[in-house]
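So this one's final.csv, CSV, C-alpha atoms:
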chain,number,residue,atom,x,y,z
A,1,MET,CA,2.1,-1.6,24.1
A,2,ARG,CA,4.6,-4.1,25.5
A,3,LEU,CA,4.6,-6.3,22.3
A,4,ASN,CA,5.6,-3.5,20.0
A,5,GLN,CA,7.9,-1.5,22.3
A,6,ASN,CA,11.1,-2.3,20.5
A,7,ILE,CA,9.9,-2.3,16.8
A,8,LEU,CA,9.0,0.3,14.2
A,9,LEU,CA,7.0,-0.2,11.0
A,10,LEU,CA,8.4,1.4,7.9
A,11,GLY,CA,5.9,2.3,5.1
A,12,LYS,CA,6.2,4.3,1.9
A,13,LYS,CA,4.9,7.6,3.5
A,14,VAL,CA,5.1,7.1,7.2
A,15,VAL,CA,7.0,5.4,9.9
A,16,LEU,CA,5.2,4.1,12.9
A,17,VAL,CA,7.1,4.1,16.2
A,18,PRO,CA,6.0,3.4,19.7
A,19,TYR,CA,5.3,6.5,21.9
A,20,THR,CA,7.7,7.3,24.7
A,21,ALA,CA,8.0,10.2,27.2
A,22,GLU,CA,10.1,12.0,24.6
A,23,HIS,CA,7.0,12.5,22.5
A,24,VAL,CA,4.8,13.8,25.2
A,25,PRO,CA,5.7,17.5,25.0
A,26,ARG,CA,4.9,17.6,21.3
A,27,TYR,CA,1.7,15.6,21.8
A,28,HIS,CA,0.7,18.0,24.6
A,29,GLU,CA,1.1,21.0,22.3
A,30,TRP,CA,-1.0,19.3,19.6
A,31,MET,CA,-3.9,18.7,22.1
A,32,LYS,CA,-4.1,22.4,23.1
A,33,SER,CA,-5.8,22.8,19.7
A,34,GLU,CA,-9.6,23.3,20.1
A,35,GLU,CA,-10.0,21.8,16.7
A,36,LEU,CA,-8.2,18.6,17.6
A,37,GLN,CA,-10.1,18.4,20.9
A,38,ARG,CA,-13.4,18.7,19.0
A,39,LEU,CA,-12.4,16.1,16.4
A,40,THR,CA,-11.0,13.6,18.9
A,41,ALA,CA,-13.7,14.3,21.6
A,42,SER,CA,-10.8,14.9,24.0
A,43,GLU,CA,-10.5,17.0,27.1
A,44,PRO,CA,-7.2,19.1,27.5
A,45,LEU,CA,-4.8,17.6,30.0
A,46,THR,CA,-1.9,19.1,31.9
A,47,LEU,CA,1.6,18.1,30.9
A,48,GLU,CA,1.9,16.1,34.1
A,49,GLN,CA,-1.3,14.3,33.3
A,50,GLU,CA,0.0,13.5,29.8
A,51,TYR,CA,3.2,12.0,31.2
A,52,ALA,CA,1.1,9.9,33.6
A,53,MET,CA,-1.1,8.7,30.7
A,54,GLN,CA,2.0,7.8,28.7
A,55,CYS,CA,3.2,5.7,31.6
A,56,SER,CA,-0.1,3.8,31.8
A,57,TRP,CA,-0.1,3.2,28.1
A,58,ARG,CA,3.4,1.9,28.3
A,59,GLU,CA,2.0,-1.1,30.2
A,60,ASP,CA,-1.1,-1.6,28.0
A,61,VAL,CA,-1.4,-4.6,25.6
A,62,ASP,CA,-3.1,-2.2,23.2
A,63,LYS,CA,-1.0,-1.1,20.3
A,64,LYS,CA,-0.2,2.6,20.1
A,65,TRP,CA,2.1,4.2,17.6
A,66,GLN,CA,3.4,7.6,16.6
A,67,ALA,CA,3.1,8.4,12.8
A,68,GLN,CA,6.0,10.2,11.2
A,69,PRO,CA,6.5,11.2,7.5
A,70,GLY,CA,10.2,10.2,7.8
A,71,THR,CA,12.6,8.4,10.1
A,72,THR,CA,13.7,11.1,12.4
A,73,GLU,CA,11.8,11.6,15.7
A,74,GLU,CA,10.1,14.6,17.2
A,75,SER,CA,10.8,17.0,14.3
A,76,CYS,CA,8.9,14.7,12.0
A,77,MET,CA,5.9,13.7,14.2
A,78,ALA,CA,2.7,14.0,12.2
A,79,GLY,CA,0.1,12.3,14.3
A,80,ASP,CA,-0.8,9.0,15.9
A,81,VAL,CA,-2.7,5.8,15.2
A,82,ASN,CA,-4.2,3.4,17.8
A,83,LEU,CA,-5.6,0.0,18.0
A,84,PHE,CA,-7.5,-0.6,21.2
A,85,LEU,CA,-8.5,-4.2,22.3
A,86,THR,CA,-11.2,-3.1,24.7
A,87,ASP,CA,-13.7,-6.0,24.5
A,88,VAL,CA,-12.5,-8.6,26.9
A,89,GLY,CA,-15.2,-10.9,25.7
A,90,ASP,CA,-14.1,-10.6,22.1
A,91,PRO,CA,-10.3,-10.2,21.6
A,92,SER,CA,-10.8,-10.4,17.8
A,93,LEU,CA,-12.4,-6.9,17.9
A,94,GLY,CA,-10.2,-3.8,17.6
A,95,GLU,CA,-11.2,-0.2,17.8
A,96,ILE,CA,-8.9,1.8,15.5
A,97,GLU,CA,-8.2,5.6,15.6
A,98,VAL,CA,-6.0,7.9,13.7
A,99,MET,CA,-5.0,11.5,14.1
A,100,ILE,CA,-3.0,13.6,11.7
A,101,ALA,CA,-2.3,16.5,14.0
A,102,GLU,CA,0.1,18.6,11.8
A,103,PRO,CA,-2.0,20.6,9.3
A,104,SER,CA,0.8,20.5,6.8
A,105,CYS,CA,0.7,16.7,6.8
A,106,ARG,CA,-3.0,16.4,6.0
A,107,GLY,CA,-4.3,15.3,2.7
A,108,LYS,CA,-1.1,13.5,1.7
A,109,GLY,CA,-2.2,9.9,2.4
A,110,PHE,CA,-0.4,9.7,5.8
A,111,GLY,CA,-3.5,8.8,7.7
A,112,THR,CA,-4.6,6.2,5.1
A,113,GLU,CA,-1.2,4.4,5.2
A,114,ALA,CA,-1.0,4.6,9.0
A,115,VAL,CA,-4.4,2.9,9.3
A,116,LEU,CA,-3.6,0.2,6.8
A,117,MET,CA,-0.3,-0.5,8.5
A,118,MET,CA,-2.0,-0.7,11.9
A,119,MET,CA,-4.8,-2.9,10.6
A,120,SER,CA,-2.3,-5.3,9.0
A,121,TYR,CA,-0.4,-5.5,12.3
A,122,GLY,CA,-3.6,-6.3,14.1
A,123,VAL,CA,-4.6,-9.0,11.7
A,124,THR,CA,-1.2,-10.7,11.4
A,125,LYS,CA,0.1,-10.3,15.0
A,126,LEU,CA,-2.9,-10.0,17.2
A,127,GLY,CA,-5.6,-12.1,15.6
A,128,VAL,CA,-7.9,-9.1,15.0
A,129,THR,CA,-10.7,-10.0,12.5
A,130,LYS,CA,-13.1,-7.1,13.1
A,131,PHE,CA,-12.4,-3.4,13.2
A,132,GLU,CA,-14.5,-0.5,14.5
A,133,ALA,CA,-13.9,3.2,14.1
A,134,LYS,CA,-15.9,5.9,16.0
A,135,ILE,CA,-15.8,9.2,14.2
A,136,GLY,CA,-17.4,12.6,15.0
A,137,GLN,CA,-20.3,13.3,12.8
A,138,GLY,CA,-18.7,16.5,11.5
A,139,ASN,CA,-15.3,14.9,10.7
A,140,GLU,CA,-16.0,14.4,7.0
A,141,PRO,CA,-12.3,13.7,6.0
A,142,SER,CA,-12.1,10.8,8.5
A,143,LEU,CA,-15.5,9.4,7.5
A,144,ARG,CA,-14.5,9.4,3.8
A,145,MET,CA,-11.1,7.8,4.5
A,146,PHE,CA,-12.6,4.9,6.5
A,147,GLN,CA,-15.3,4.4,3.9
A,148,LYS,CA,-12.6,4.2,1.2
A,149,LEU,CA,-11.0,1.5,3.3
A,150,HIS,CA,-14.2,-0.6,3.0
A,151,PHE,CA,-15.6,0.3,6.5
A,152,GLU,CA,-19.4,0.5,6.6
A,153,GLN,CA,-21.6,2.6,8.9
A,154,VAL,CA,-23.4,0.5,11.5
A,155,ALA,CA,-24.6,3.1,14.1
A,156,VAL,CA,-25.1,6.8,14.8
A,157,SER,CA,-25.2,8.3,18.2
A,158,SER,CA,-27.0,11.6,18.5
A,159,VAL,CA,-25.9,11.9,22.1
A,160,PHE,CA,-22.2,11.6,21.4
A,161,GLN,CA,-22.5,13.0,17.9
A,162,GLU,CA,-20.5,10.2,16.5
A,163,VAL,CA,-20.7,7.6,13.8
A,164,THR,CA,-19.6,4.0,14.2
A,165,LEU,CA,-18.1,2.2,11.2
A,166,ARG,CA,-17.1,-1.5,11.1
A,167,LEU,CA,-15.1,-3.8,8.8
A,168,THR,CA,-15.1,-7.5,9.1
A,169,MET,CA,-12.1,-9.3,7.7
A,170,ASN,CA,-13.3,-12.0,5.4
A,171,GLU,CA,-10.7,-13.8,3.2
A,172,TRP,CA,-11.1,-11.2,0.4
A,173,GLU,CA,-10.6,-8.3,2.7
A,174,ARG,CA,-7.7,-9.9,4.4
A,175,GLN,CA,-5.9,-10.5,1.0
A,176,TRP,CA,-6.7,-7.0,-0.1
A,177,LEU,CA,-5.2,-5.6,3.2
A,178,LEU,CA,-2.1,-7.7,2.9
A,179,GLU,CA,-1.6,-6.5,-0.7
A,180,GLN,CA,-1.9,-2.9,0.3
A,181,THR,CA,0.7,-3.3,3.0
A,182,SER,CA,3.1,-5.8,1.4
A,183,HIS,CA,5.8,-3.0,1.3
A,184,VAL,CA,5.8,-2.5,5.0
A,185,GLU,CA,9.0,-3.5,6.8
A,186,GLU,CA,9.3,-4.3,10.5
A,187,LYS,CA,12.6,-3.1,12.0
A,188,PRO,CA,14.2,-2.9,15.5
A,189,TYR,CA,13.5,0.3,17.4
A,190,GLY,CA,15.9,1.6,20.0
A,191,ASP,CA,18.4,-0.7,21.7
A,192,GLY,CA,15.8,-2.8,23.5
A,193,SER,CA,16.6,-1.2,26.9
A,194,GLN,CA,15.1,2.3,26.6
A,195,GLU,CA,11.6,3.2,27.7
A,196,PRO,CA,8.9,2.1,25.3
A,197,ARG,CA,7.0,4.5,23.1
A,198,ARG,CA,3.3,4.9,22.6
A,199,GLN,CA,0.2,6.3,20.7
A,200,ARG,CA,-3.4,7.5,21.2
A,201,PRO,CA,-6.9,9.2,20.3
A,202,ALA,CA,-8.5,9.9,17.0
A,203,THR,CA,-9.0,12.2,14.1
A,204,GLY,CA,-8.6,10.9,10.7
A,205,SER,CA,-7.5,12.6,7.6
A,206,GLU,CA,-6.1,11.2,4.5
Do you think you could lay out the structure here as structure tokens?
Amino acid sequence: MRLNQNILLLGKKVVLVPYTAEHVPRYHEWMKSEELQRLTASEPLTLEQEYAMQCSWREDVDKKWQAQPGTTEESCMAGDVNLFLTDVGDPSLGEIEVMIAEPSCRGKGFGTEAVLMMMSYGVTKLGVTKFEAKIGQGNEPSLRMFQKLHFEQVAVSSVFQEVTLRLTMNEWERQWLLEQTSHVEEKPYGDGSQEPRRQRPATGSE
């Protein structure tokens, strides 16, 4: 997260900011939800474990952001979006995840814009040319959203009960993505001296 620790991305519906320790309590409350645990294939952590996880993410090169339907902080937190660069043999491959945790924020296009913004950042700043999304088989809203964004199903795991979707960025897809995110502005976040802020695991909802 070091590259993006002092910037935010301003879209039409959401603002993406890095994730700091200030966001941990709200995130911890979200992840007490059995529904979110099921949709994100996550195990509940203690608050202390969440703080430790946030510290480790702070040093990651992966890009992790908090999604907010506005410019204020904790009161407007809606969810998160992540881009994990996990394949050391292929730095052009990014695994993308999105979670709209607040029920009142679902179905409003926040997840869609957050994913598009993160993909654009990955393509233009990190050299990502292939995206994968791993979605629970029962997570129909997320599957529909990623398919709407041109992702195609490439694998199904009956063991993990998840579907893998992939999108390869050819020139047409790249131009389409950049057109969809041409309104996004990159702005300074914080004063450059405060602790960086982060992001993490995945449910998708439009």
Quiz prompt | For Thr46 of chain A: contacts at 12 Å, all atoms listed in the file, fewer than 5 positions along chain excluded, given as a PyMOL selection string | solution = chain A and resi 24-25+27-29+31-32+51-53
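Nearest to Gln137 of chain A of all the residues A:Ile100, A:Met117, A:Ala41, A:Leu36 is A:Ala41, based on only C-alpha atoms.
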Quiz item: Leaving out Tyr189 of chain A and any residue of its chain fewer than 3 positions from it, which residues lie within 6 Å of it when counting all atoms listed in the file, given as number ranges by chain?
Solution: A: 6-8
Exercise. Show which residues sit within 8 Å of Gln54 of chain A, as a list in words. Count all atoms listed in the file, and ignore same-chain residues fewer than 6 positions away.
Key: Tyr19, Thr20, Ala21, Val24 and Arg198 of chain A
Please list, as an mmCIF file with C-alpha atoms, in the coordinates of the input, the residues that have an atom at most 8 Å away from (0.3, -0.9, 12.6) in the coordinates of this file, counting only C-alpha atoms.
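In the end it all went to result05.cif:
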data_model
loop_
_atom_site.group_PDB
_atom_site.id
_atom_site.type_symbol
_atom_site.label_atom_id
_atom_site.label_comp_id
_atom_site.auth_asym_id
_atom_site.auth_seq_id
_atom_site.Cartn_x
_atom_site.Cartn_y
_atom_site.Cartn_z
ATOM 1 C CA LEU A 9 7.000 -0.200 11.000
ATOM 2 C CA LEU A 16 5.200 4.100 12.900
ATOM 3 C CA LYS A 63 -1.000 -1.100 20.300
ATOM 4 C CA TRP A 65 2.100 4.200 17.600
ATOM 5 C CA VAL A 81 -2.700 5.800 15.200
ATOM 6 C CA ALA A 114 -1.000 4.600 9.000
ATOM 7 C CA VAL A 115 -4.400 2.900 9.300
ATOM 8 C CA LEU A 116 -3.600 0.200 6.800
ATOM 9 C CA MET A 117 -0.300 -0.500 8.500
ATOM 10 C CA MET A 118 -2.000 -0.700 11.900
ATOM 11 C CA MET A 119 -4.800 -2.900 10.600
ATOM 12 C CA SER A 120 -2.300 -5.300 9.000
ATOM 13 C CA TYR A 121 -0.400 -5.500 12.300
ATOM 14 C CA GLY A 122 -3.600 -6.300 14.100
#
Exercise. Provide the atom CA of Leu167 of chain A to atom CA of Leu149 of chain A distance in Å, to one decimal place.
Key: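 Pair atom CA of Leu167 of chain A / atom CA of Leu149 of chain A returns 8.7 Å.
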Exercise on segment 120-132 of chain A, axis-aligned box with 3 Å per side, report centre and edge lengths in Å to one decimal, as lines of an AutoDock Vina configuration file:
center_x = -7.2
center_y = -6.3
center_z = 13.1
size_x = 20.6
size_y = 17.6
size_z = 14.2
Self-check item: Within 10 Å of segment 151-157 of chain A using all atoms listed in the file, minus same-chain residues under 2 positions, as a list of chain:residue names
Solution: A:Phe131, A:Glu132, A:Ala133, A:Lys134, A:Ile135, A:Gly136, A:Gln137, A:Leu143, A:Arg144, A:Met145, A:Phe146, A:Gln147, A:Lys148, A:Leu149, A:Val159, A:Phe160, A:Gln161, A:Glu162, A:Val163, A:Thr164, A:Leu165, A:Arg166, A:Leu167, A:Thr168
Quiz prompt | Atomic separation - atom CA of Val184 of chain A relative to atom CA of Asp80 of chain A, Å | solution =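 Those two atoms sit 17.2 Å apart.
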Quiz item: Could you state the separation of atom CA of Phe110 of chain A and atom CA of Val14 of chain A in Å, given to one decimal place?
Solution: 6.2 Å
Exercise. For Glu171 of chain A, list every protein, DNA or RNA residue within 12 Å, evaluated using all atoms listed in the file, and leave out those in the same chain fewer than 6 positions away; present the list as a PyMOL selection string.
Key: chain A and resi 123+129+177-178
Practice problem: Using all atoms listed in the file, find the one residue out of A:His150, A:Lys108, A:His23, A:Lys187 that sits nearest to Met77 of chain A. | Solution: A:His23
Self-check item: Residue nearest Asn82 of chain A - candidates A:Arg26, A:Gln180, A:Pro18, A:Glu102, atoms counted: only C-alpha atoms
Solution: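 Result for the nearest residue to Asn82 of chain A: A:Pro18.
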Exercise. Give the answer as one residue: which of A:Glu140, A:Glu113, A:Glu22, A:Glu179 has the shortest atom-to-atom distance to Leu10 of chain A, using all atoms listed in the file?
Key: A:Glu113
Exercise. Would you please work out which residue, of A:Arg174, A:His183, A:Arg38, A:Arg106, is nearest to Lys130 of chain A when using only C-alpha atoms?
Key: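 Closest to Lys130 of chain A of all the choices is A:Arg174.
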